[in-house]
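Peer 1: After the structure tokens below, expect a handful of questions from me.
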Amino acid sequence: DAKTTQPNSMESNEEEPVHLPCNHSTISGTDYIHWYRQLPSQGPEYVIHGLTSNVNNRMASLAIAEDRKSSTLILHRATLRDAAVYYCILRDVLDDKVIFGPGTSLSVIP
Amino acid sequence: EPEVTQTPSHQVTQMGQEVILRCVPISNHLYFYWYRQILGQKVEFLVSFYNNEISEKSEIFDDQFSVERPDGSNFTLKIRSTKLEDSAMYFCASRGGRGEYNSPLHFGNGTRLTVT
């Protein structure tokens, strides 16, 4: 499995935007970039995914670098409920499973 | 919004006992998974299941583990003879209706297994 690198932890102030970075320099042409998050005491939750173009949904935006070697998950306005571990995952288009790394633990300060 | 449900939320068992963890995936999904998370550690893949057979399994999923879809709605994980190190949170997930490739996984909120 291709690997991703994320900061261990980040902090954000409530109601401010958060940019969560992810490096994936060995990404292959058929790898999709997936983001999941895990709130305390809950199962992982899908956030967003993309291949080449930037993506938006009701939860977040995903900005993908032109060379695809990095991406950024953007939470437009952090709330206390966004405090979670965020996982950036590469998943081949034909891959059945999702493999989790350690992720980034996001703290949101009131 | 449909969701994956897991029962029980917490199971305590003695070492050497058999345990069955139960999951009801989202109804039109065809791909099913079990993951586990030992306290303070990352989420680990155990097994994937499609068309009534195992698609892929990890090194963790040894002969002590088995999965079954006994009817049209339930998906179970059995541990035959539990060990202390099996204590963890076990998550069930499902994805994908017919023709949905690379679709996201939907996870349940887990069963906490404590082996004493």
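Identifiers in this document derive from the order of the structure tokens: chains are assigned A, B, ..., residues are numbered from 1 separately in each chain, and ligands are numbered from 1 in order of occurrence.
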Residues of chain B within 9 Å of chain A, counting only C-alpha atoms - could you list those as a list in words?

Peer 2: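 On the chain B side, the interface is Tyr31, Tyr33, Gln41, Lys42, Val43, Glu44, Phe45, Val47, Ser48, Ser55, Glu56, Phe91, Cys92, Tyr101, Asn102, Pro104, Leu105, His106, Phe107, Gly108, Asn109 and Gly110 of chain B.
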
Peer 1: Go ahead and save the residues from that selection, with C-alpha atoms, as a PDB file, in the first residue's frame.

Peer 2:
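Writing done, so here's result.pdb:
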ATOM      1  CA  TYR B  31     -19.148  -5.675   0.678  1.00  0.00           C
ATOM      2  CA  TYR B  33     -15.579  -5.790   6.661  1.00  0.00           C
ATOM      3  CA  GLN B  41      -3.634   2.207  18.715  1.00  0.00           C
ATOM      4  CA  LYS B  42      -4.627   2.553  15.082  1.00  0.00           C
ATOM      5  CA  VAL B  43      -7.585   0.933  13.341  1.00  0.00           C
ATOM      6  CA  GLU B  44      -6.470  -2.413  11.855  1.00  0.00           C
ATOM      7  CA  PHE B  45      -8.033  -4.306   8.954  1.00  0.00           C
ATOM      8  CA  VAL B  47     -11.131  -9.238   6.856  1.00  0.00           C
ATOM      9  CA  SER B  48     -13.284  -8.347   3.874  1.00  0.00           C
ATOM     10  CA  SER B  55     -12.096 -11.601  -0.271  1.00  0.00           C
ATOM     11  CA  GLU B  56      -9.037 -10.723   1.751  1.00  0.00           C
ATOM     12  CA  PHE B  91     -15.758  -2.319  14.039  1.00  0.00           C
ATOM     13  CA  CYS B  92     -17.974  -3.666  11.310  1.00  0.00           C
ATOM     14  CA  TYR B 101     -16.684   0.722  -7.189  1.00  0.00           C
ATOM     15  CA  ASN B 102     -14.290   2.479  -4.834  1.00  0.00           C
ATOM     16  CA  PRO B 104     -16.643   4.666   0.837  1.00  0.00           C
ATOM     17  CA  LEU B 105     -16.907   2.357   3.837  1.00  0.00           C
ATOM     18  CA  HIS B 106     -19.647   2.966   6.400  1.00  0.00           C
ATOM     19  CA  PHE B 107     -18.658   1.937   9.906  1.00  0.00           C
ATOM     20  CA  GLY B 108     -20.671   0.967  12.946  1.00  0.00           C
ATOM     21  CA  ASN B 109     -19.856   2.343  16.381  1.00  0.00           C
ATOM     22  CA  GLY B 110     -18.167  -0.846  17.436  1.00  0.00           C
TER      23      GLY B 110
END

Peer 1: For B:Met15, list every protein, DNA or RNA residue within 8 Å, evaluated using only C-alpha atoms, and leave out those in the same chain fewer than 6 positions away; present the list as a ChimeraX atom specification.

Peer 2: /B:81-84,115-116

Peer 1: Take the residues from that selection and put them in a file with C-alpha atoms, as an mmCIF file, in the first residue's frame.

Peer 2:
data_model
loop_
_atom_site.group_PDB
_atom_site.id
_atom_site.type_symbol
_atom_site.label_atom_id
_atom_site.label_comp_id
_atom_site.auth_asym_id
_atom_site.auth_seq_id
_atom_site.Cartn_x
_atom_site.Cartn_y
_atom_site.Cartn_z
ATOM 1 C CA SER B 81 -10.971 -19.232 21.937
ATOM 2 C CA THR B 82 -10.394 -15.700 23.127
ATOM 3 C CA LYS B 83 -7.023 -14.496 24.386
ATOM 4 C CA LEU B 84 -6.242 -11.484 26.547
ATOM 5 C CA VAL B 115 -11.229 -10.584 27.726
ATOM 6 C CA THR B 116 -10.472 -11.327 31.383
#

Peer 1: Between B:Ala93, B:Leu77, B:Gln64, B:Ala88, which is the closest to B:Gly40 once you count only C-alpha atoms?

Peer 2: B:Ala88

Peer 1: Among chain A, which residues carry a DSSP assignment of strand (DSSP E), reported as a VMD selection string?

Peer 2: chain A and resid 9 to 13 18 to 23 31 to 38 45 to 50 55 to 56 61 to 64 70 to 75 84 to 92 104 to 109
